[in-house]
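As stored in final_26.cif (mmCIF, C-alpha atoms):
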data_data
loop_
_atom_site.label_atom_id
_atom_site.label_comp_id
_atom_site.auth_asym_id
_atom_site.auth_seq_id
_atom_site.Cartn_x
_atom_site.Cartn_y
_atom_site.Cartn_z
CA ASP C 1 -72.12 -35.35 -28.86
CA LEU C 2 -75.24 -33.29 -28.13
CA LYS C 3 -77.47 -36.37 -28.20
CA LYS C 4 -75.07 -38.31 -25.96
CA THR C 5 -74.91 -35.42 -23.50
CA GLU C 6 -78.70 -35.19 -23.34
CA GLU C 7 -78.99 -38.96 -22.80
CA ALA C 8 -76.34 -38.84 -20.05
CA GLU C 9 -78.13 -35.95 -18.36
CA GLN C 10 -81.41 -37.88 -18.35
CA GLU C 11 -79.70 -40.96 -16.88
CA PHE C 12 -77.82 -38.97 -14.22
CA ALA C 13 -80.92 -36.96 -13.29
CA LYS C 14 -82.92 -40.16 -12.88
CA ALA C 15 -80.20 -41.74 -10.74
CA ALA C 16 -79.89 -38.60 -8.62
CA SER C 17 -83.63 -38.46 -7.94
CA LEU C 18 -83.81 -42.16 -7.08
CA SER C 19 -80.76 -42.01 -4.82
CA ALA C 20 -81.14 -38.70 -3.03
CA ASP C 21 -79.05 -39.93 -0.08
CA ASP C 22 -76.20 -41.18 -2.27
CA ILE C 23 -73.58 -38.56 -3.10
CA ALA C 24 -72.21 -40.34 -6.20
CA PRO C 25 -75.10 -39.56 -8.59
CA GLN C 26 -75.21 -35.99 -7.26
CA LEU C 27 -71.52 -35.57 -8.07
CA ASN C 28 -72.16 -36.99 -11.55
CA MET C 29 -74.84 -34.38 -12.20
CA VAL C 30 -72.57 -31.49 -11.12
CA MET C 31 -69.70 -32.98 -13.15
CA LEU C 32 -71.92 -33.14 -16.23
CA TYR C 33 -72.89 -29.49 -15.89
CA VAL C 34 -69.26 -28.49 -15.39
CA SER C 35 -68.12 -30.48 -18.44
CA SER C 36 -70.78 -28.68 -20.52
CA SER C 37 -69.74 -25.25 -19.15
CA ARG C 38 -73.22 -24.86 -17.67
CA TRP C 39 -71.85 -22.94 -14.76
CA THR C 40 -75.06 -21.59 -13.23
CA GLU C 41 -76.64 -25.03 -13.09
CA ALA C 42 -73.44 -26.54 -11.69
CA ILE C 43 -73.22 -23.87 -8.99
CA ASP C 44 -76.88 -24.16 -8.00
CA ARG C 45 -76.70 -27.96 -7.82
CA ALA C 46 -73.40 -28.03 -5.90
CA ARG C 47 -74.56 -25.43 -3.36
CA SER C 48 -77.79 -27.32 -2.82
CA MET C 49 -75.99 -30.65 -2.38
CA LEU C 50 -73.41 -29.19 0.00
CA GLN C 51 -76.23 -28.46 2.44
CA LYS C 52 -76.88 -32.19 2.47
CA PHE C 53 -73.24 -33.32 2.19
CA PRO C 54 -71.28 -30.53 3.95
CA THR C 55 -68.13 -32.63 4.42
CA SER C 56 -67.66 -33.54 0.77
CA ALA C 57 -64.39 -31.98 -0.34
CA GLU C 58 -64.99 -33.15 -3.92
CA LEU C 59 -68.36 -31.39 -4.09
CA ALA C 60 -66.81 -28.24 -2.62
CA GLY C 61 -64.00 -28.48 -5.20
CA LEU C 62 -66.51 -28.75 -8.03
CA LEU C 63 -68.27 -25.66 -6.71
CA ALA C 64 -64.97 -23.74 -6.66
CA TYR C 65 -64.16 -24.82 -10.22
CA ALA C 66 -67.65 -23.87 -11.45
CA TYR C 67 -67.34 -20.41 -9.87
CA ALA C 68 -63.96 -19.93 -11.57
CA GLY C 69 -65.35 -21.14 -14.90
CA GLU C 70 -68.18 -18.61 -14.59
CA GLY C 71 -65.68 -15.85 -13.81
CA SER C 72 -66.81 -15.35 -10.19
CA PHE C 73 -63.24 -15.49 -8.91
CA GLN C 74 -63.86 -14.11 -5.43
CA ASP C 75 -66.49 -16.81 -4.80
CA ALA C 76 -64.16 -19.40 -6.36
CA GLU C 77 -61.36 -18.45 -3.95
CA ILE C 78 -63.66 -18.75 -0.93
CA ALA C 79 -65.07 -22.11 -2.10
CA ALA C 80 -61.58 -23.45 -2.86
CA HIS C 81 -60.38 -22.62 0.64
CA LYS C 82 -63.39 -24.39 2.13
CA ALA C 83 -62.67 -27.47 0.01
CA GLN C 84 -59.03 -27.45 1.08
CA ALA C 85 -60.06 -27.17 4.72
CA LEU C 86 -61.75 -30.54 4.18
CA ASP C 87 -58.89 -31.95 2.07
CA LYS C 88 -55.77 -29.86 1.48
CA ASP C 89 -55.01 -31.76 -1.74
CA GLU C 90 -58.51 -31.61 -3.25
CA PRO C 91 -57.64 -31.48 -7.00
CA LEU C 92 -60.38 -29.26 -8.44
CA SER C 93 -60.03 -26.67 -5.71
CA LEU C 94 -56.30 -26.41 -6.49
CA ILE C 95 -57.12 -25.97 -10.19
CA ALA C 96 -59.70 -23.31 -9.28
CA ASP C 97 -57.03 -21.56 -7.19
CA SER C 98 -54.79 -21.46 -10.25
CA MET C 99 -57.60 -19.89 -12.29
CA VAL C 100 -57.99 -17.26 -9.56
CA GLN C 101 -54.26 -16.54 -9.75
CA ILE C 102 -54.51 -16.01 -13.51
CA ASP C 103 -57.31 -13.50 -12.93
CA LYS C 104 -55.04 -11.69 -10.45
CA GLY C 105 -52.28 -11.54 -13.06
CA ASN C 106 -50.07 -14.21 -11.48
CA LEU C 107 -49.78 -16.29 -14.66
CA ASP C 108 -46.34 -17.79 -13.97
CA GLN C 109 -47.46 -18.99 -10.54
CA ALA C 110 -50.63 -20.48 -12.02
CA LEU C 111 -48.67 -22.29 -14.76
CA LEU C 112 -46.44 -23.96 -12.19
CA SER C 113 -49.44 -25.03 -10.11
CA LEU C 114 -51.27 -26.45 -13.13
CA GLN C 115 -48.18 -28.30 -14.38
CA LYS C 116 -47.92 -29.91 -10.93
CA ALA C 117 -51.63 -30.77 -11.04
CA VAL C 118 -51.20 -32.53 -14.40
CA SER C 119 -48.14 -34.46 -13.18
CA ARG C 120 -50.00 -35.54 -10.03
CA GLN C 121 -53.14 -36.42 -11.99
CA PRO C 122 -52.11 -37.40 -15.52
CA GLY C 123 -55.69 -38.50 -16.29
CA SER C 124 -57.38 -35.27 -15.21
CA ALA C 125 -59.06 -33.59 -18.18
CA PHE C 126 -59.85 -30.60 -15.96
CA ALA C 127 -56.17 -29.99 -15.13
CA MET C 128 -55.13 -30.44 -18.77
CA THR C 129 -57.84 -28.08 -20.01
CA GLU C 130 -56.86 -25.26 -17.65
CA LEU C 131 -53.17 -25.82 -18.34
CA SER C 132 -54.00 -25.53 -22.05
CA ALA C 133 -55.75 -22.20 -21.43
CA ALA C 134 -52.86 -20.90 -19.29
CA LEU C 135 -50.24 -21.94 -21.86
CA THR C 136 -52.15 -20.14 -24.60
CA GLN C 137 -52.48 -17.05 -22.44
CA SER C 138 -48.71 -17.13 -21.84
CA GLY C 139 -48.13 -17.10 -25.60
CA ASP C 140 -47.34 -20.79 -26.05
CA ALA C 141 -50.33 -21.68 -28.22
CA LYS C 142 -48.66 -24.75 -29.76
CA GLN C 143 -48.39 -26.38 -26.34
CA GLY C 144 -51.88 -25.11 -25.59
CA VAL C 145 -53.20 -27.08 -28.58
CA LYS C 146 -51.31 -30.22 -27.54
CA MET C 147 -52.65 -30.07 -23.99
CA ALA C 148 -56.23 -29.45 -25.24
CA GLN C 149 -55.90 -32.47 -27.56
CA GLN C 150 -54.83 -34.65 -24.62
CA SER C 151 -57.77 -33.36 -22.60
CA LEU C 152 -60.21 -34.14 -25.42
CA GLN C 153 -58.84 -37.67 -25.73
CA ILE C 154 -59.92 -38.23 -22.12
CA ALA C 155 -63.15 -36.16 -22.26
CA PRO C 156 -64.13 -35.79 -25.94
CA SER C 157 -67.39 -33.98 -25.12
CA SER C 158 -65.85 -31.36 -22.80
CA LEU C 159 -66.91 -27.90 -23.98
CA ARG C 160 -64.29 -26.27 -21.78
CA ALA C 161 -61.56 -28.25 -23.56
CA LYS C 162 -63.01 -27.43 -26.99
CA ALA C 163 -63.13 -23.75 -26.07
CA SER C 164 -59.50 -23.90 -24.87
CA MET C 165 -58.55 -25.57 -28.15
CA ALA C 166 -60.32 -22.78 -30.05
CA GLU C 167 -58.44 -20.04 -28.17
CA ALA C 168 -55.11 -21.71 -28.94
CA LEU C 169 -56.04 -22.11 -32.62
CA LYS C 170 -56.99 -18.44 -32.80
CA GLN C 171 -53.59 -17.46 -31.49
CA LEU C 172 -51.97 -19.64 -34.16
CA GLY C 173 -54.06 -17.99 -36.88
CA ASN C 174 -56.24 -21.04 -37.55
CA PHE C 175 -59.50 -19.12 -37.34
CA ASP C 176 -61.55 -21.60 -39.37
CA GLY C 177 -60.60 -24.38 -36.95
CA ALA C 178 -61.47 -22.20 -33.98
CA ILE C 179 -64.84 -21.28 -35.50
CA LEU C 180 -65.63 -24.95 -36.08
CA HIS C 181 -65.04 -25.82 -32.41
CA LEU C 182 -66.87 -22.75 -31.12
CA LYS C 183 -69.93 -23.26 -33.29
CA GLU C 184 -70.31 -26.74 -31.80
CA CYS C 185 -69.90 -25.27 -28.31
CA VAL C 186 -72.59 -22.64 -28.92
CA VAL C 187 -75.02 -25.23 -30.32
CA ARG C 188 -74.54 -27.40 -27.23
CA ASN C 189 -74.66 -24.53 -24.77
CA PRO C 190 -76.51 -21.59 -26.35
CA LYS C 191 -76.86 -19.75 -23.03
CA ASN C 192 -73.10 -19.44 -22.45
CA LEU C 193 -72.19 -15.82 -23.18
CA ASP C 194 -68.41 -16.30 -23.21
CA LEU C 195 -68.64 -18.96 -25.92
CA ARG C 196 -70.60 -16.59 -28.17
CA LEU C 197 -68.12 -13.79 -27.51
CA SER C 198 -65.22 -16.08 -28.37
CA LEU C 199 -66.98 -17.15 -31.58
CA ALA C 200 -67.52 -13.51 -32.57
CA ASP C 201 -63.85 -12.81 -31.90
CA ALA C 202 -62.81 -15.70 -34.17
CA GLN C 203 -65.18 -14.55 -36.92
CA GLU C 204 -63.82 -11.00 -36.73
CA LYS C 205 -60.22 -12.23 -36.90
CA ALA C 206 -61.15 -14.38 -39.89
CA GLY C 207 -62.23 -11.17 -41.63
CA ASP C 208 -65.98 -11.79 -41.38
CA ARG C 209 -66.94 -8.69 -39.41
CA GLU C 210 -70.61 -8.75 -40.44
CA THR C 211 -71.09 -12.28 -39.08
CA ALA C 212 -69.21 -11.28 -35.92
CA ILE C 213 -71.68 -8.44 -35.38
CA GLU C 214 -74.60 -10.85 -35.93
CA THR C 215 -73.11 -13.20 -33.32
CA LEU C 216 -72.71 -10.35 -30.85
CA GLU C 217 -76.30 -9.23 -31.41
CA LYS C 218 -77.42 -12.78 -30.54
CA ALA C 219 -75.14 -12.63 -27.48
CA ARG C 220 -76.98 -9.48 -26.36
CA LYS C 221 -80.23 -11.47 -26.35
CA THR C 222 -78.54 -14.32 -24.47
CA ALA C 223 -77.38 -11.97 -21.70
CA PRO C 224 -79.42 -8.74 -21.92
CA ASP C 225 -78.01 -7.37 -18.65
CA SER C 226 -74.34 -7.96 -19.49
CA PRO C 227 -72.05 -5.15 -20.70
CA LYS C 228 -69.71 -7.60 -22.48
CA PRO C 229 -71.44 -7.98 -25.88
CA LEU C 230 -72.24 -4.27 -25.95
CA ALA C 231 -68.59 -3.42 -25.30
CA GLU C 232 -67.45 -5.73 -28.09
CA LEU C 233 -69.98 -4.25 -30.50
CA ALA C 234 -68.83 -0.77 -29.49
CA ARG C 235 -65.22 -1.76 -30.21
CA LEU C 236 -66.09 -3.07 -33.68
CA TYR C 237 -67.96 0.12 -34.56
CA LEU C 238 -65.03 2.16 -33.22
CA GLU C 239 -62.63 0.29 -35.50
CA ASN C 240 -64.95 1.16 -38.40
CA ARG C 241 -64.78 4.79 -37.18
CA LYS C 242 -68.53 4.86 -36.56
CA PHE C 243 -68.02 6.97 -33.46
CA ARG C 244 -71.63 7.87 -32.67
CA LYS C 245 -72.78 4.24 -32.68
CA SER C 246 -69.73 3.18 -30.68
CA GLU C 247 -70.37 5.87 -28.08
CA GLU C 248 -74.04 4.88 -27.78
CA LEU C 249 -73.21 1.21 -27.25
CA SER C 250 -70.44 1.82 -24.73
CA MET C 251 -72.68 4.20 -22.77
CA GLU C 252 -75.41 1.57 -22.77
CA ALA C 253 -72.92 -1.03 -21.50
CA LEU C 254 -71.88 1.27 -18.67
CA GLN C 255 -75.49 1.48 -17.51
CA TYR C 256 -75.15 -2.18 -16.46
CA ASP C 257 -71.69 -1.74 -14.92
CA ARG C 258 -70.27 1.78 -14.64
CA HIS C 259 -66.80 0.35 -13.97
CA HIS C 260 -66.70 -2.12 -16.89
CA ILE C 261 -63.13 -1.67 -18.09
CA GLN C 262 -63.55 -2.62 -21.76
CA SER C 263 -66.54 -0.29 -22.12
CA LEU C 264 -64.63 2.55 -20.49
CA LEU C 265 -61.64 1.99 -22.79
CA VAL C 266 -63.84 2.15 -25.88
CA LEU C 267 -65.72 5.21 -24.64
CA CYS C 268 -62.51 7.05 -23.71
CA THR C 269 -61.09 6.34 -27.17
CA VAL C 270 -64.24 7.63 -28.87
CA LEU C 271 -64.24 10.78 -26.73
CA LEU C 272 -60.56 11.39 -27.52
CA GLU C 273 -61.07 10.81 -31.25
CA THR C 274 -64.06 13.17 -31.36
CA GLY C 275 -62.31 15.90 -29.37
CA LYS C 276 -64.46 15.67 -26.24
CA LEU C 277 -61.37 16.01 -24.08
CA ASP C 278 -62.88 17.03 -20.72
CA ALA C 279 -65.34 14.11 -20.86
CA CYS C 280 -62.50 11.81 -21.89
CA ALA C 281 -60.35 12.90 -18.95
CA GLU C 282 -63.26 12.35 -16.56
CA ARG C 283 -63.86 8.80 -17.80
CA CYS C 284 -60.12 8.04 -17.79
CA GLU C 285 -59.97 9.10 -14.15
CA LEU C 286 -62.73 6.60 -13.31
CA LEU C 287 -61.02 3.83 -15.29
CA LEU C 288 -57.60 4.42 -13.71
CA SER C 289 -59.10 4.60 -10.22
CA ARG C 290 -60.03 0.92 -10.76
CA GLN C 291 -56.93 -0.17 -12.68
CA PRO C 292 -54.10 2.36 -12.13
CA ASN C 293 -51.64 0.38 -14.27
CA ASN C 294 -53.94 -0.33 -17.20
CA ARG C 295 -51.59 0.37 -20.13
CA GLU C 296 -54.23 1.31 -22.70
CA GLY C 297 -56.06 3.49 -20.19
CA ASN C 298 -52.85 5.32 -19.31
CA LEU C 299 -52.00 5.88 -22.97
CA ILE C 300 -55.45 7.36 -23.68
CA ASN C 301 -55.24 9.56 -20.58
CA GLY C 302 -51.71 10.66 -21.48
CA ARG C 303 -52.80 11.70 -24.99
CA CYS C 304 -55.87 13.47 -23.61
CA CYS C 305 -53.95 15.40 -20.92
CA TYR C 306 -51.27 16.31 -23.50
CA ARG C 307 -53.93 17.90 -25.69
CA LEU C 308 -55.46 19.64 -22.66
CA GLY C 309 -52.09 21.03 -21.59
CA ARG C 310 -52.13 19.11 -18.32
CA TRP C 311 -48.43 18.32 -18.57
CA SER C 312 -47.77 16.67 -15.20
CA GLU C 313 -50.75 14.32 -15.50
CA ALA C 314 -49.71 13.42 -19.03
CA CYS C 315 -46.17 12.66 -17.82
CA SER C 316 -47.50 10.38 -15.08
CA SER C 317 -49.82 8.43 -17.38
CA PHE C 318 -47.30 8.00 -20.21
CA SER C 319 -44.65 6.90 -17.69
CA ARG C 320 -46.98 4.31 -16.12
CA ALA C 321 -47.84 2.98 -19.59
CA LYS C 322 -44.14 2.70 -20.42
CA THR C 323 -43.39 0.93 -17.14
CA SER C 324 -46.26 -1.55 -17.48
CA GLY C 325 -45.87 -2.42 -21.15
CA GLY C 326 -42.48 -1.47 -22.56
CA ALA C 327 -41.61 1.02 -25.29
CA LEU C 328 -43.98 3.79 -26.32
CA SER C 329 -44.86 4.55 -29.93
CA THR C 330 -42.93 7.35 -31.62
CA SER C 331 -45.84 9.80 -31.33
CA ASP C 332 -46.35 8.99 -27.64
CA THR C 333 -42.60 9.33 -27.02
CA GLN C 334 -42.67 12.77 -28.66
CA ALA C 335 -45.69 13.78 -26.59
CA LEU C 336 -44.08 12.61 -23.33
CA ALA C 337 -40.82 14.39 -24.19
CA TYR C 338 -42.76 17.60 -24.86
CA CYS C 339 -44.59 17.26 -21.52
CA LEU C 340 -41.27 16.69 -19.74
CA GLU C 341 -39.94 19.78 -21.47
CA LYS C 342 -42.95 21.78 -20.28
CA THR C 343 -42.37 20.60 -16.69
CA SER C 344 -38.68 21.61 -17.01
CA ASP C 345 -37.42 18.02 -16.79
CA LEU C 346 -35.16 18.53 -19.82
CA VAL C 347 -32.56 15.88 -19.00
CA LYS C 348 -35.20 13.18 -18.74
CA ALA C 349 -36.74 14.36 -22.03
CA VAL C 350 -33.39 14.10 -23.84
CA ASP C 351 -32.70 10.67 -22.36
CA LEU C 352 -36.16 9.45 -23.39
CA ILE C 353 -35.60 10.46 -27.01
CA ALA C 354 -32.07 9.01 -27.01
CA GLU C 355 -33.51 5.69 -25.83
CA LYS C 356 -36.15 5.73 -28.58
CA LEU C 357 -33.55 6.53 -31.25
CA LYS C 358 -31.92 3.16 -30.52
CA ASP C 359 -35.00 1.44 -32.00
CA SER C 360 -33.87 -0.10 -35.31
CA LYS C 361 -37.48 -0.24 -36.55
CA LEU C 362 -37.88 3.55 -36.74
CA SER C 363 -38.58 5.00 -40.18
CA ASN C 364 -36.32 7.75 -41.55
CA ARG C 365 -39.09 10.29 -41.02
CA GLU C 366 -39.57 9.26 -37.38
CA ARG C 367 -35.82 9.36 -36.78
CA LYS C 368 -35.55 12.89 -38.24
CA GLU C 369 -38.47 14.20 -36.18
CA LEU C 370 -37.07 12.75 -32.95
CA SER C 371 -33.59 14.11 -33.70
CA ARG C 372 -34.98 17.61 -34.33
CA GLN C 373 -36.88 17.50 -31.04
CA GLN C 374 -33.80 16.26 -29.20
CA LYS C 375 -31.63 19.07 -30.65
CA ARG C 376 -34.19 21.70 -29.67
CA ILE C 377 -34.34 20.47 -26.08
CA ASN C 378 -30.52 20.20 -25.96
CA ARG C 379 -30.26 23.87 -26.96
CA GLN C 380 -32.47 24.75 -23.98
CA LEU C 381 -30.26 22.67 -21.73
CA ASN C 382 -27.10 24.38 -22.97
CA THR C 383 -28.69 27.81 -22.50
CA ARG C 384 -29.69 26.93 -18.97
CA ARG C 385 -26.17 25.72 -18.16
#

For the file at hand, write its structure as structure tokens.
Amino acid sequence: DLKKTEEAEQEFAKAASLSADDIAPQLNMVMLYVSSSRWTEAIDRARSMLQKFPTSAELAGLLAYAYAGEGSFQDAEIAAHKAQALDKDEPLSLIADSMVQIDKGNLDQALLSLQKAVSRQPGSAFAMTELSAALTQSGDAKQGVKMAQQSLQIAPSSLRAKASMAEALKQLGNFDGAILHLKECVVRNPKNLDLRLSLADAQEKAGDRETAIETLEKARKTAPDSPKPLAELARLYLENRKFRKSEELSMEALQYDRHHIQSLLVLCTVLLETGKLDACAERCELLLSRQPNNREGNLINGRCCYRLGRWSEACSSFSRAKTSGGALSTSDTQALAYCLEKTSDLVKAVDLIAEKLKDSKLSNRERKELSRQQKRINRQLNTRR
């Protein structure tokens, strides 16, 4: 596959240089870069060619898709709208729009759009690949695998499709299969940071943490200014309870992007675990100013404020976490009930515990502790009445 890709690139590059006024070979070059997940090259080439062919909706659609593939979703949205101004049904711009919607959290809307794209263009490997990724993200990894397989039948050398296949396989627990696909992707595109991060994730899930760390160290060299590999390394060291190393790495990551959410989450956890509560609260405030409904961030902040005796703030954070992600753990439920008690909201505290006691998965110890807390708060209620 690598040899064939290199040969195709040489042929397309030659054709593009010999036919500078013909858009077809230029489109082929951009398409080749996109298929190989070489987003920077695809973007540079498409932008350059659009100056020469400003009315090409297909070229504008390729640019939008390349931006989305790179993760530059704001640029992707702008480019997609420009493509659709030239042709409202331009296929790749509609696919890019769906990728933007996924980034915004509108997964159901994106799934519907991608399913329509596949039905309108049953031979589009691009549409199938992104539908595969969306299905996997929605939790339907089996369908994600099937759609990736169909995409690879049409475009067997597509790295994007292989990467989508790998993500679906990871969700199904087939880590060896995922690693096989991702190793090929990394060999063919060694500069792609996301492929290396995905490979490290598969290696970690397969139980090979040392190799995962080696892969992440290589990713750091691939993208020395990116916080992503540093944040992942920090998370691995955190899970090994190597707090000092984890704190160092997350702080280093935040030097490149002070609002990088994953780095902030790791750092806040380290600060909470090591008892640096004021610093933890400060970082949580920054994190939640960017993502107020981030469940993990609200849980960390709730635990921190509970330990600091900041009852109202703890109540707010725990409640947001509960609203955004369902039931709280037993310990977090107990903490929230205590904070509600401290803010004199006794009825809500009793109701919270009563709701948690309905959980059939509670252990006998958890059930006894919750019942004792509920009885104590009920005594206060009866006294007040």

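With CA of Ala219 in chain C on one side and CA of Ala64 in chain C on the other, the separation reads 25.7 Å.
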
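Distances to Val186 in chain C were evaluated for C:Gln171, C:Ser198, C:Ser132, C:Asn378 using all atoms listed in the file, and the minimum falls at C:Ser198.
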
Output the residue selection produced by the PyMOL selection byres ((chain C and resi 210-218) around 12) on the file above, formatted as a count of residues only. 44

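Taking CA of Arg320 in chain C and CA of Asp351 in chain C as the two end points, the separation is 16.8 Å.
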
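Once the PyMOL selection byres ((chain C and resi 269) around 10) is applied to the shown structure, the selection contains Arg235, Leu238, Phe243, Ser246, Glu247, Ser263, Leu264, Leu265, Val266, Leu267, Cys268, Val270, Leu271, Leu272, Glu273, Thr274, Gly275, Lys276, Cys280, Cys284, Glu296, Gly297, Ile300, Asn301 and Cys304 of chain C.
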
Specify as a VMD selection string each residue included when the PyMOL selection byres ((chain C and resi 149) around 12) is applied to this file. chain C and resid 125 128 to 129 131 to 133 142 to 148 150 to 158 160 to 166 168 to 169

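If you look at CA of Tyr65 in chain C and CA of Ile95 in chain C, they are 7.1 Å away from each other.
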
List the spatial neighbours of Leu328 in chain C as JSON, numbers by chain - criterion: any atom at most 12 Å away, all atoms listed in the file, same-chain residues fewer than 5 positions off excluded. {"C": [295, 296, 298, 299, 302, 303, 317, 318, 319, 320, 321, 322, 323, 333, 334, 335, 336, 337, 352, 353, 355, 356, 357, 359]}

9 Å contact set for Arg45 in chain C, only C-alpha atoms, chain neighbours under 2 positions out, as a ChimeraX atom specification: /C:26,29-30,40-43,47-50,63

Dump as a JSON list (two decimals), in the frame of the given file, selection limited to C-alpha atoms:
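So the final result, stored in again_21.json, reads:
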[["chain", "number", "residue", "atom", "x", "y", "z"],
["C", 26, "GLN", "CA", -75.21, -35.99, -7.26],
["C", 29, "MET", "CA", -74.84, -34.38, -12.20],
["C", 30, "VAL", "CA", -72.57, -31.49, -11.12],
["C", 40, "THR", "CA", -75.06, -21.59, -13.23],
["C", 41, "GLU", "CA", -76.64, -25.03, -13.09],
["C", 42, "ALA", "CA", -73.44, -26.54, -11.69],
["C", 43, "ILE", "CA", -73.22, -23.87, -8.99],
["C", 47, "ARG", "CA", -74.56, -25.43, -3.36],
["C", 48, "SER", "CA", -77.79, -27.32, -2.82],
["C", 49, "MET", "CA", -75.99, -30.65, -2.38],
["C", 50, "LEU", "CA", -73.41, -29.19, 0.00],
["C", 63, "LEU", "CA", -68.27, -25.66, -6.71]]

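With distances taken over all atoms listed in the file, C:Lys348 is the one residue among C:Arg290, C:Lys348, C:Arg367, C:His81 lying closest to Cys315 in chain C.
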
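Counting all atoms listed in the file, the residue from C:Ala24, C:Ala96, C:Leu308, C:Leu370 that sits nearest to Phe53 in chain C is C:Ala24.
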
Extract, using only C-alpha atoms, all DNA, RNA and protein residues at most 12 Å from Pro54 in chain C, discarding same-chain residues fewer than 4 positions from it, and format them as a list in words. Ile23, Ala46, Arg47, Ser48, Met49, Leu50, Glu58, Leu59, Ala60, Gly61, Lys82, Ala83, Ala85 and Leu86 of chain C

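Minimum atom-to-atom distances from C:His260, C:Arg365, C:Tyr338, C:Glu77 to Val350 in chain C were compared using all atoms listed in the file, and the lowest value belongs to C:Tyr338.
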
So that all listed atoms of range 252-261 of chain C fit with 6 Å spare on each side, what axis-aligned box centre and edge lengths in Å, to one decimal, would you give as JSON?
{"center_x": -69.3, "center_y": -0.2, "center_z": -18.4, "size_x": 24.4, "size_y": 16.0, "size_z": 20.8}
